[in-house]
Amino acid sequence: MSRKFVVVIGLFMATACSRHPQTDSDLQGEAEHAVDSKLDTEATFSNMESIAAQKIACGHASAADALNRGKVDQDFVYLHGRLIMDDDPDFDRAAMECDVAASGGNAADLKDTTNE
């Protein structure tokens with residue numbers, strides 16, 4: 001393998017890794033941005049939890065005047081780059097995952113408790 005090829009692959013991997021949030025606060029910011037984009041307005045956030053190591057964040061978003069929605073008060077989970085609002089059928093499962101992660105567990109722990 002040529003040195004140039006190794007350097008290019010190394011740079012590619014470093015770039016790919018840098019796209020993922022490295023800290024809980026980075027992940028929280030990414031989740032808040034996803035909610036703001038979905039609502040097409042700036043929301044106010046509360047009850048935020050974020051666990052970058054498991055790529056999951058959750059919380060509550062409020063907005064006084066979301067486009068085509070009016071006042072919004074919704075819980076959400078941001079899981080592996082996917083925004084799941086509380087009106088999504090996958091929300092309950094994602095919320096349980098966030099609760100388990102926030103208490104120091106992981107998805108394997110959740111699988112054991114739900115018999116899946």
# chains A, B, ... in the order shown; residues from 1 in each chain; ligands from 1
>>> residues_around(residues="Ala63 of chain A", least_positions_apart="4", cutoff="9 Å", atoms="only C-alpha atoms", output="PDB file with C-alpha atoms, in the first residue's frame")
ATOM      1  CA  LEU A  39     -40.855  22.602  13.587  1.00  0.00           C
ATOM      2  CA  THR A  41     -39.067  27.590  14.280  1.00  0.00           C
ATOM      3  CA  GLU A  42     -36.827  27.977  17.306  1.00  0.00           C
ATOM      4  CA  ALA A  43     -38.107  25.863  20.183  1.00  0.00           C
ATOM      5  CA  THR A  44     -37.444  26.067  23.898  1.00  0.00           C
ATOM      6  CA  GLY A  70     -49.373  26.707  16.030  1.00  0.00           C
ATOM      7  CA  LYS A  71     -48.366  26.064  19.630  1.00  0.00           C
ATOM      8  CA  VAL A  72     -46.283  22.915  20.106  1.00  0.00           C
ATOM      9  CA  ASP A  73     -45.423  20.996  23.283  1.00  0.00           C
TER      10      ASP A  73
END
>>> residues_around(residues="Gly59 of chain A", least_positions_apart="2", cutoff="9 Å", atoms="only C-alpha atoms", output="PyMOL selection string")
chain A and resi 45-50+57+61+74-78
>>> residues_around(residues="segment 79-86 of chain A", least_positions_apart="4", cutoff="6 Å", atoms="only C-alpha atoms", output="list in words")
Lys55, Ile56, Asp75 and Phe91 of chain A
>>> atom_distance(atom1="atom CA of Asp88 of chain A", atom2="atom CA of Gln22 of chain A")
26.9 Å
>>> select_by_dssp(residues="segment 4-100 of chain A", states="strand (DSSP E or B)", output="MDAnalysis selection string")
chainID A and resid 44:51 56:66 70:79 82:85
>>> write_last_selection(atoms="C-alpha atoms", output="PDB file, in the first residue's frame")
ATOM      1  CA  THR A  44     -37.444  26.067  23.898  1.00  0.00           C
ATOM      2  CA  PHE A  45     -36.026  22.859  25.366  1.00  0.00           C
ATOM      3  CA  SER A  46     -36.383  21.256  28.787  1.00  0.00           C
ATOM      4  CA  ASN A  47     -35.753  17.917  30.473  1.00  0.00           C
ATOM      5  CA  MET A  48     -32.831  17.250  28.111  1.00  0.00           C
ATOM      6  CA  GLU A  49     -30.756  14.084  28.427  1.00  0.00           C
ATOM      7  CA  SER A  50     -27.969  13.236  25.999  1.00  0.00           C
ATOM      8  CA  ILE A  51     -25.589  10.300  25.913  1.00  0.00           C
ATOM      9  CA  ILE A  56     -29.204   9.186  21.923  1.00  0.00           C
ATOM     10  CA  ALA A  57     -30.742  12.381  23.271  1.00  0.00           C
ATOM     11  CA  CYS A  58     -34.246  13.139  24.471  1.00  0.00           C
ATOM     12  CA  GLY A  59     -36.245  15.939  25.975  1.00  0.00           C
ATOM     13  CA  HIS A  60     -39.223  18.240  25.610  1.00  0.00           C
ATOM     14  CA  ALA A  61     -39.663  20.990  23.021  1.00  0.00           C
ATOM     15  CA  SER A  62     -42.031  23.941  23.227  1.00  0.00           C
ATOM     16  CA  ALA A  63     -42.725  26.493  20.530  1.00  0.00           C
ATOM     17  CA  ALA A  64     -45.281  29.273  20.596  1.00  0.00           C
ATOM     18  CA  ASP A  65     -45.830  29.431  16.851  1.00  0.00           C
ATOM     19  CA  ALA A  66     -44.562  26.522  14.760  1.00  0.00           C
ATOM     20  CA  GLY A  70     -49.373  26.707  16.030  1.00  0.00           C
ATOM     21  CA  LYS A  71     -48.366  26.064  19.630  1.00  0.00           C
ATOM     22  CA  VAL A  72     -46.283  22.915  20.106  1.00  0.00           C
ATOM     23  CA  ASP A  73     -45.423  20.996  23.283  1.00  0.00           C
ATOM     24  CA  GLN A  74     -43.842  17.673  22.371  1.00  0.00           C
ATOM     25  CA  ASP A  75     -41.441  15.133  23.745  1.00  0.00           C
ATOM     26  CA  PHE A  76     -38.805  13.802  21.385  1.00  0.00           C
ATOM     27  CA  VAL A  77     -35.945  11.342  21.058  1.00  0.00           C
ATOM     28  CA  TYR A  78     -32.981  11.839  18.765  1.00  0.00           C
ATOM     29  CA  LEU A  79     -31.566   8.372  18.142  1.00  0.00           C
ATOM     30  CA  ARG A  82     -33.124  10.193  13.559  1.00  0.00           C
ATOM     31  CA  LEU A  83     -35.634  12.543  15.176  1.00  0.00           C
ATOM     32  CA  ILE A  84     -38.579  10.703  16.726  1.00  0.00           C
ATOM     33  CA  MET A  85     -41.374  12.964  17.995  1.00  0.00           C
TER      34      MET A  85
END
>>> residues_around(residues="Asn106 of chain A", least_positions_apart="6", cutoff="8 Å", atoms="only C-alpha atoms", output="mmCIF file with C-alpha atoms, in the first residue's frame")
data_model
loop_
_atom_site.group_PDB
_atom_site.id
_atom_site.type_symbol
_atom_site.label_atom_id
_atom_site.label_comp_id
_atom_site.auth_asym_id
_atom_site.auth_seq_id
_atom_site.Cartn_x
_atom_site.Cartn_y
_atom_site.Cartn_z
ATOM 1 C CA GLN A 54 -24.925 5.742 22.674
ATOM 2 C CA GLU A 97 -34.083 3.450 25.244
ATOM 3 C CA VAL A 100 -32.253 3.289 30.092
#
>>> closest_residue(among="A:Asp40, A:Ala101, A:Ala94, A:Ala53", to="Asp24 of chain A", atoms="only C-alpha atoms")
A:Ala53
